[in-house]
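Participant: Got query-v9.pdb for you, PDB, C-alpha atoms:
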ATOM      1  CA  MET A  46      11.177-108.533 -16.248
ATOM      2  CA  ALA A  47      11.246-105.478 -14.022
ATOM      3  CA  LEU A  48       8.588-104.011 -11.729
ATOM      4  CA  TRP A  49       8.814-100.215 -12.072
ATOM      5  CA  CYS A  50       6.923 -98.417  -9.299
ATOM      6  CA  THR A  51       6.032 -94.724  -9.242
ATOM      7  CA  ILE A  52       5.355 -92.820  -6.017
ATOM      8  CA  ARG A  53       3.133 -89.835  -5.162
ATOM      9  CA  THR A  54       1.159 -89.863  -8.412
ATOM     10  CA  PHE A  55      -2.087 -88.911  -6.630
ATOM     11  CA  ALA A  56      -1.848 -85.547  -4.840
ATOM     12  CA  LYS A  57      -4.155 -86.599  -1.985
ATOM     13  CA  HIS A  58      -1.999 -89.631  -1.212
ATOM     14  CA  ALA A  59       1.158 -87.506  -1.134
ATOM     15  CA  ALA A  60      -0.606 -85.155   1.271
ATOM     16  CA  GLU A  61      -1.876 -87.906   3.601
ATOM     17  CA  LEU A  62       1.696 -89.059   4.186
ATOM     18  CA  GLY A  63       2.952 -85.515   4.655
ATOM     19  CA  ASN A  64       4.885 -85.450   1.392
ATOM     20  CA  GLU A  65       5.114 -82.755  -1.243
ATOM     21  CA  GLN A  66       3.763 -83.459  -4.715
ATOM     22  CA  PRO A  67       6.821 -83.961  -6.953
ATOM     23  CA  ALA A  68       7.078 -82.104 -10.248
ATOM     24  CA  LYS A  69       8.437 -85.179 -12.047
ATOM     25  CA  PRO A  70       7.959 -88.934 -11.609
ATOM     26  CA  ILE A  71       9.928 -90.637  -8.842
ATOM     27  CA  PHE A  72      10.542 -94.380  -9.097
ATOM     28  CA  PHE A  73      11.729 -97.375  -7.179
ATOM     29  CA  VAL A  74      12.074-100.947  -8.458
ATOM     30  CA  LYS A  75      10.835-104.179  -6.912
ATOM     31  CA  PRO A  76      12.587-107.443  -7.826
ATOM     32  CA  ASN A  77      10.258-109.638  -9.852
ATOM     33  CA  ASN A  78      10.531-112.354  -7.199
ATOM     34  CA  CYS A  79       8.414-110.085  -4.968
ATOM     35  CA  LEU A  80       5.537-110.857  -7.354
ATOM     36  CA  ILE A  81       2.618-113.043  -6.297
ATOM     37  CA  ARG A  82      -0.602-113.675  -8.235
ATOM     38  CA  SER A  83      -2.711-115.651  -5.748
ATOM     39  CA  GLY A  84      -2.911-116.890  -2.184
ATOM     40  CA  PRO A  85      -3.015-115.049   1.143
ATOM     41  CA  ILE A  86      -1.085-111.942   2.126
ATOM     42  CA  SER A  87       1.466-112.899   4.766
ATOM     43  CA  VAL A  88       1.145-110.476   7.667
ATOM     44  CA  SER A  89       1.824-112.422  10.864
ATOM     45  CA  THR A  90       5.128-113.833   9.595
ATOM     46  CA  HIS A  91       6.427-110.499   8.321
ATOM     47  CA  PRO A  92       8.828-108.834  10.801
ATOM     48  CA  GLY A  93       7.083-105.465  10.638
ATOM     49  CA  GLU A  94       3.910-103.769   9.430
ATOM     50  CA  VAL A  95       2.175-104.453   6.105
ATOM     51  CA  HIS A  96       0.152-101.631   4.550
ATOM     52  CA  HIS A  97      -2.063-101.769   1.462
ATOM     53  CA  GLU A  98      -1.643 -99.525  -1.581
ATOM     54  CA  VAL A  99      -3.995-100.348  -4.457
ATOM     55  CA  GLU A 100      -2.694 -99.480  -7.922
ATOM     56  CA  CYS A 101      -3.270 -99.880 -11.636
ATOM     57  CA  VAL A 102      -0.519-102.102 -13.035
ATOM     58  CA  VAL A 103       0.354-101.772 -16.716
ATOM     59  CA  ARG A 104       2.154-104.533 -18.606
ATOM     60  CA  LEU A 105       4.228-102.807 -21.260
ATOM     61  CA  ASN A 106       4.947-103.995 -24.798
ATOM     62  CA  GLN A 107       8.130-103.553 -26.830
ATOM     63  CA  PHE A 108       7.166 -99.936 -27.552
ATOM     64  CA  ALA A 109       6.622 -99.134 -23.842
ATOM     65  CA  GLN A 110       2.872 -98.925 -24.448
ATOM     66  CA  PRO A 111       0.143-100.895 -22.633
ATOM     67  CA  GLU A 112      -0.587-104.427 -23.724
ATOM     68  CA  ALA A 113      -2.615-105.297 -20.602
ATOM     69  CA  ILE A 114      -3.752-103.775 -17.324
ATOM     70  CA  ALA A 115      -4.509-105.201 -13.886
ATOM     71  CA  VAL A 116      -5.194-104.187 -10.321
ATOM     72  CA  GLY A 117      -2.239-104.555  -7.999
ATOM     73  CA  LEU A 118      -1.191-104.101  -4.388
ATOM     74  CA  ASP A 119       2.115-102.405  -3.662
ATOM     75  CA  LEU A 120       2.415-103.775  -0.137
ATOM     76  CA  THR A 121       4.564-101.597   2.097
ATOM     77  CA  ASP A 122       6.190-101.928   5.503
ATOM     78  CA  ARG A 123       5.423 -98.305   6.411
ATOM     79  CA  LEU A 124       7.244 -98.303   9.758
ATOM     80  CA  THR A 125      10.458 -99.691   8.281
ATOM     81  CA  GLN A 126      10.191 -97.376   5.287
ATOM     82  CA  GLY A 127       9.813 -94.366   7.587
ATOM     83  CA  GLU A 128      12.748 -95.356   9.772
ATOM     84  CA  LEU A 129      15.035 -95.778   6.763
ATOM     85  CA  ARG A 130      13.895 -92.510   5.207
ATOM     86  CA  SER A 131      14.567 -90.644   8.458
ATOM     87  CA  GLU A 132      18.176 -91.843   8.262
ATOM     88  CA  GLN A 133      18.372 -90.959   4.542
ATOM     89  CA  LEU A 134      18.924 -94.611   3.692
ATOM     90  CA  PRO A 135      17.407 -96.575   0.789
ATOM     91  CA  TRP A 136      14.050 -98.049   1.852
ATOM     92  CA  THR A 137      14.300-101.325  -0.046
ATOM     93  CA  LYS A 138      13.421-103.351   3.073
ATOM     94  CA  GLY A 139      10.156-101.424   3.392
ATOM     95  CA  LYS A 140       9.044-102.125  -0.177
ATOM     96  CA  CYS A 141      10.728-105.272  -1.475
ATOM     97  CA  PHE A 142       9.891-107.979   1.035
ATOM     98  CA  ARG A 143       8.430-111.377   0.098
ATOM     99  CA  GLY A 144       5.030-111.146  -1.597
ATOM    100  CA  SER A 145       5.032-107.334  -1.656
ATOM    101  CA  ALA A 146       3.858-107.071  -5.282
ATOM    102  CA  TYR A 147       0.400-108.691  -5.530
ATOM    103  CA  VAL A 148      -1.141-108.520  -9.019
ATOM    104  CA  GLY A 149      -4.584-109.666 -10.169
ATOM    105  CA  GLY A 150      -5.535-111.036 -13.577
ATOM    106  CA  PHE A 151      -4.658-108.948 -16.623
ATOM    107  CA  THR A 152      -7.092-107.607 -19.232
ATOM    108  CA  GLU A 153      -5.756-106.823 -22.712
ATOM    109  CA  TRP A 154      -5.488-103.079 -23.266
ATOM    110  CA  ASN A 155      -4.360-102.105 -26.748
ATOM    111  CA  HIS A 156      -4.846 -98.371 -26.298
ATOM    112  CA  PRO A 157      -2.364 -95.527 -25.719
ATOM    113  CA  LEU A 158      -1.224 -94.686 -22.213
ATOM    114  CA  GLU A 159      -3.360 -91.539 -22.277
ATOM    115  CA  SER A 160      -6.472 -93.728 -22.415
ATOM    116  CA  LEU A 161      -5.897 -94.861 -18.837
ATOM    117  CA  ILE A 162      -6.834 -91.432 -17.488
ATOM    118  CA  ASP A 163      -9.590 -90.703 -20.028
ATOM    119  CA  GLU A 164     -12.603 -89.562 -17.992
ATOM    120  CA  ALA A 165     -14.964 -91.064 -20.586
ATOM    121  CA  ARG A 166     -13.516 -94.535 -19.968
ATOM    122  CA  GLY A 167     -13.809 -93.942 -16.244
ATOM    123  CA  LEU A 168     -11.199 -96.423 -15.089
ATOM    124  CA  LYS A 169     -11.351 -96.609 -11.307
ATOM    125  CA  LEU A 170      -9.484 -98.271  -8.449
ATOM    126  CA  ASN A 171     -11.252 -99.643  -5.365
ATOM    127  CA  LEU A 172     -10.038-101.485  -2.302
ATOM    128  CA  TRP A 173     -12.161-102.935   0.501
ATOM    129  CA  VAL A 174     -10.864-104.313   3.796
ATOM    130  CA  ASN A 175     -13.383-106.443   5.698
ATOM    131  CA  GLY A 176     -16.157-105.054   3.487
ATOM    132  CA  ARG A 177     -15.296-101.411   4.126
ATOM    133  CA  LEU A 178     -14.243 -99.280   1.151
ATOM    134  CA  VAL A 179     -10.931 -97.689   2.175
ATOM    135  CA  GLN A 180      -9.408 -96.635  -1.147
ATOM    136  CA  SER A 181     -11.337 -95.431  -4.188
ATOM    137  CA  ALA A 182     -10.411 -93.036  -6.997
ATOM    138  CA  PRO A 183     -10.675 -92.662 -10.762
ATOM    139  CA  LEU A 184      -7.383 -92.849 -12.633
ATOM    140  CA  SER A 185      -8.245 -89.417 -14.041
ATOM    141  CA  ASP A 186      -7.351 -88.049 -10.574
ATOM    142  CA  MET A 187      -3.697 -88.889 -11.175
ATOM    143  CA  THR A 188      -1.483 -85.812 -11.057
ATOM    144  CA  ILE A 189       1.498 -87.643 -12.549
ATOM    145  CA  THR A 190       0.035 -89.665 -15.401
ATOM    146  CA  PRO A 191       1.166 -93.056 -16.719
ATOM    147  CA  SER A 192       2.192 -91.305 -19.927
ATOM    148  CA  ALA A 193       4.452 -88.929 -17.990
ATOM    149  CA  GLN A 194       5.862 -91.870 -16.044
ATOM    150  CA  VAL A 195       6.826 -93.827 -19.153
ATOM    151  CA  GLU A 196       8.147 -90.734 -20.907
ATOM    152  CA  ASP A 197      10.538 -90.217 -17.993
ATOM    153  CA  LEU A 198      11.528 -93.886 -17.796
ATOM    154  CA  LEU A 199      12.409 -93.934 -21.491
ATOM    155  CA  THR A 200      15.105 -91.307 -20.921
ATOM    156  CA  TRP A 201      17.133 -93.584 -18.639
ATOM    157  CA  ALA A 202      15.567 -96.949 -17.756
ATOM    158  CA  PRO A 203      16.212-100.282 -19.525
ATOM    159  CA  ILE A 204      12.515-100.978 -20.182
ATOM    160  CA  SER A 205      11.767-104.316 -21.845
ATOM    161  CA  ALA A 206       8.635-105.914 -23.237
ATOM    162  CA  GLY A 207       6.703-107.568 -20.416
ATOM    163  CA  ASP A 208       7.816-105.146 -17.717
ATOM    164  CA  TYR A 209       5.201-104.060 -15.175
ATOM    165  CA  LEU A 210       4.541-100.428 -14.285
ATOM    166  CA  PHE A 211       2.881 -99.832 -10.896
ATOM    167  CA  THR A 212       1.354 -96.412 -11.533
ATOM    168  CA  GLY A 213       0.783 -95.192  -7.958
ATOM    169  CA  THR A 214      -1.899 -95.287  -5.280
ATOM    170  CA  PRO A 215      -4.729 -92.962  -4.217
ATOM    171  CA  ASP A 216      -5.223 -91.857  -0.625
ATOM    172  CA  GLY A 217      -6.629 -94.141   2.051
ATOM    173  CA  VAL A 218      -3.638 -96.443   2.578
ATOM    174  CA  GLY A 219      -3.535 -98.323   5.850
ATOM    175  CA  GLN A 220      -2.236-101.282   7.817
ATOM    176  CA  LEU A 221      -3.396-104.853   7.239
ATOM    177  CA  TYR A 222      -3.838-107.381  10.043
ATOM    178  CA  SER A 223      -4.085-111.153  10.238
ATOM    179  CA  LYS A 224      -7.531-112.454   9.164
ATOM    180  CA  ASP A 225      -8.400-109.253   7.253
ATOM    181  CA  LEU A 226     -10.383-109.859   4.069
ATOM    182  CA  VAL A 227      -9.101-107.850   1.117
ATOM    183  CA  CYS A 228     -10.874-107.127  -2.166
ATOM    184  CA  ALA A 229      -9.425-104.867  -4.853
ATOM    185  CA  THR A 230     -10.818-103.992  -8.278
ATOM    186  CA  LEU A 231      -9.954-102.071 -11.400
ATOM    187  CA  GLU A 232     -13.205-101.253 -13.144
ATOM    188  CA  ALA A 233     -14.567 -99.345 -16.143
ATOM    189  CA  ASN A 234     -17.204 -96.594 -16.110
ATOM    190  CA  ASP A 235     -20.031 -99.081 -16.715
ATOM    191  CA  GLY A 236     -19.041-101.091 -13.656
ATOM    192  CA  THR A 237     -17.288-103.836 -15.622
ATOM    193  CA  ILE A 238     -14.531-105.312 -13.468
ATOM    194  CA  LEU A 239     -11.391-105.497 -15.582
ATOM    195  CA  SER A 240      -9.242-107.077 -12.863
ATOM    196  CA  SER A 241      -9.715-108.107  -9.255
ATOM    197  CA  ILE A 242      -7.980-109.497  -6.192
ATOM    198  CA  GLU A 243      -9.895-111.337  -3.480
ATOM    199  CA  THR A 244      -7.771-112.690  -0.686
ATOM    200  CA  HIS A 245      -7.166-112.706   3.055
ATOM    201  CA  CYS A 246      -4.317-111.950   5.396
ATOM    202  CA  CYS A 247      -2.687-114.656   7.456
TER     203      CYS A 247
END
Once more with this new file: its structure as structure tokens, please.
Facilitator:
Amino acid sequence: MALWCTIRTFAKHAAELGNEQPAKPIFFVKPNNCLIRSGPISVSTHPGEVHHEVECVVRLNQFAQPEAIAVGLDLTDRLTQGELRSEQLPWTKGKCFRGSAYVGGFTEWNHPLESLIDEARGLKLNLWVNGRLVQSAPLSDMTITPSAQVEDLLTWAPISAGDYLFTGTPDGVGQLYSKDLVCATLEANDGTILSSIETHCC
């Protein structure tokens, strides 16, 4: 199983970090042993910063189409990532540390990839830290869609059934601190919560 992660898929997030919006999908890969499904987010024991990035995670079937969706956190050591980027070095250490891929419970989703950004379905990401809403956006705001991401991956990547696609984060990313309370949701237009994460930082 691979964890394929796409960057800068929401224009406002690209802008908040001072990056240009790419014309095509850009990916990195997290090892699947970065994956956690429950428990606290380790902040105090990590030798650097830990920043939150809430995302829609798609579990792909054998045809590289969705079989389930969940809310996820692509946890990032922003300082380390920035230092490595400034030296034009790979920023694996900033993205692939222990517990850096936090994924909530999956909901079956037997619809095409295009359905994820359908405004009528109104799929939306939210993330609260200590009760304050810090990230919130409909998936229809994505400027590089999940369909475009998979289409690109299929030209070169060894996608397999059961792989996870982290589809990118909206603006509002920020640092997490010990004792922070974190709540993330992926919800439908009627307010139904399709997937959630409720945890704390330690």
Participant: For a test of reading the model, state the distance in Å between CA of Gly139 (chain A) and CA of Leu124 (chain A), rounded to one decimal.
Facilitator: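 Between CA of Gly139 (chain A) and CA of Leu124 (chain A) the gap works out to 7.7 Å.
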Participant: Any chance you could resolve the PyMOL selection byres ((chain A and resi 238-247) around 8) against this file and give the residues as a PyMOL selection string?
Facilitator: chain A and resi 83-89+114-117+148-152+221-233+236-237
Participant: Filtering to C-alpha atoms, could you give me those residues as a PDB file, in the coordinates of the input?
Facilitator:
ATOM      1  CA  SER A  83      -2.711-115.651  -5.748  1.00  0.00           C
ATOM      2  CA  GLY A  84      -2.911-116.890  -2.184  1.00  0.00           C
ATOM      3  CA  PRO A  85      -3.015-115.049   1.143  1.00  0.00           C
ATOM      4  CA  ILE A  86      -1.085-111.942   2.126  1.00  0.00           C
ATOM      5  CA  SER A  87       1.466-112.899   4.766  1.00  0.00           C
ATOM      6  CA  VAL A  88       1.145-110.476   7.667  1.00  0.00           C
ATOM      7  CA  SER A  89       1.824-112.422  10.864  1.00  0.00           C
ATOM      8  CA  ILE A 114      -3.752-103.775 -17.324  1.00  0.00           C
ATOM      9  CA  ALA A 115      -4.509-105.201 -13.886  1.00  0.00           C
ATOM     10  CA  VAL A 116      -5.194-104.187 -10.321  1.00  0.00           C
ATOM     11  CA  GLY A 117      -2.239-104.555  -7.999  1.00  0.00           C
ATOM     12  CA  VAL A 148      -1.141-108.520  -9.019  1.00  0.00           C
ATOM     13  CA  GLY A 149      -4.584-109.666 -10.169  1.00  0.00           C
ATOM     14  CA  GLY A 150      -5.535-111.036 -13.577  1.00  0.00           C
ATOM     15  CA  PHE A 151      -4.658-108.948 -16.623  1.00  0.00           C
ATOM     16  CA  THR A 152      -7.092-107.607 -19.232  1.00  0.00           C
ATOM     17  CA  LEU A 221      -3.396-104.853   7.239  1.00  0.00           C
ATOM     18  CA  TYR A 222      -3.838-107.381  10.043  1.00  0.00           C
ATOM     19  CA  SER A 223      -4.085-111.153  10.238  1.00  0.00           C
ATOM     20  CA  LYS A 224      -7.531-112.454   9.164  1.00  0.00           C
ATOM     21  CA  ASP A 225      -8.400-109.253   7.253  1.00  0.00           C
ATOM     22  CA  LEU A 226     -10.383-109.859   4.069  1.00  0.00           C
ATOM     23  CA  VAL A 227      -9.101-107.850   1.117  1.00  0.00           C
ATOM     24  CA  CYS A 228     -10.874-107.127  -2.166  1.00  0.00           C
ATOM     25  CA  ALA A 229      -9.425-104.867  -4.853  1.00  0.00           C
ATOM     26  CA  THR A 230     -10.818-103.992  -8.278  1.00  0.00           C
ATOM     27  CA  LEU A 231      -9.954-102.071 -11.400  1.00  0.00           C
ATOM     28  CA  GLU A 232     -13.205-101.253 -13.144  1.00  0.00           C
ATOM     29  CA  ALA A 233     -14.567 -99.345 -16.143  1.00  0.00           C
ATOM     30  CA  GLY A 236     -19.041-101.091 -13.656  1.00  0.00           C
ATOM     31  CA  THR A 237     -17.288-103.836 -15.622  1.00  0.00           C
TER      32      THR A 237
END
Participant: If the PyMOL selection byres ((chain A and resi 65-76) around 8) were run on this exact file, what residues would it hold? Put them as a list in words.
Facilitator: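 On this input, the PyMOL selection byres ((chain A and resi 65-76) around 8) captures Ala47, Leu48, Trp49, Cys50, Thr51, Ile52, Arg53, Thr54, Ala56, Ala59, Ala60, Gly63, Asn64, Asn77, Asn78, Cys79, Leu80, Lys140, Cys141, Ala146, Ile189, Ala193, Gln194 and Asp197 of chain A.
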Participant: Care to translate the PyMOL selection byres ((chain A and resi 179-186) around 9) into actual residues of this file, as a list in words?
Facilitator: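 On the file shown, the PyMOL selection byres ((chain A and resi 179-186) around 9) covers Thr54, Phe55, Ala56, Glu98, Val99, Cys101, Leu161, Ile162, Asp163, Glu164, Gly167, Leu168, Lys169, Leu170, Asn171, Leu172, Trp173, Val174, Arg177, Leu178, Met187, Thr188, Thr190, Thr214, Pro215, Asp216, Gly217, Val218 and Gly219 of chain A.
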Participant: Between CA of Asn106 (chain A) and CA of Tyr147 (chain A), measure the distance and give it in Å to one decimal.
Facilitator: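 Taking CA of Asn106 (chain A) and CA of Tyr147 (chain A), their separation equals 20.3 Å.
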Participant: Name the closest residue to Asp119 (chain A) among the candidates A:Gly144, A:Pro135, A:Gly207, A:Pro92; distances are taken between atoms, counting only C-alpha atoms.
Facilitator: A:Gly144
Participant: Could you please determine the separation between CA of Leu118 (chain A) and CA of Glu94 (chain A) in Å, to one decimal place?
Facilitator: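 These two atoms are separated by 14.7 Å.
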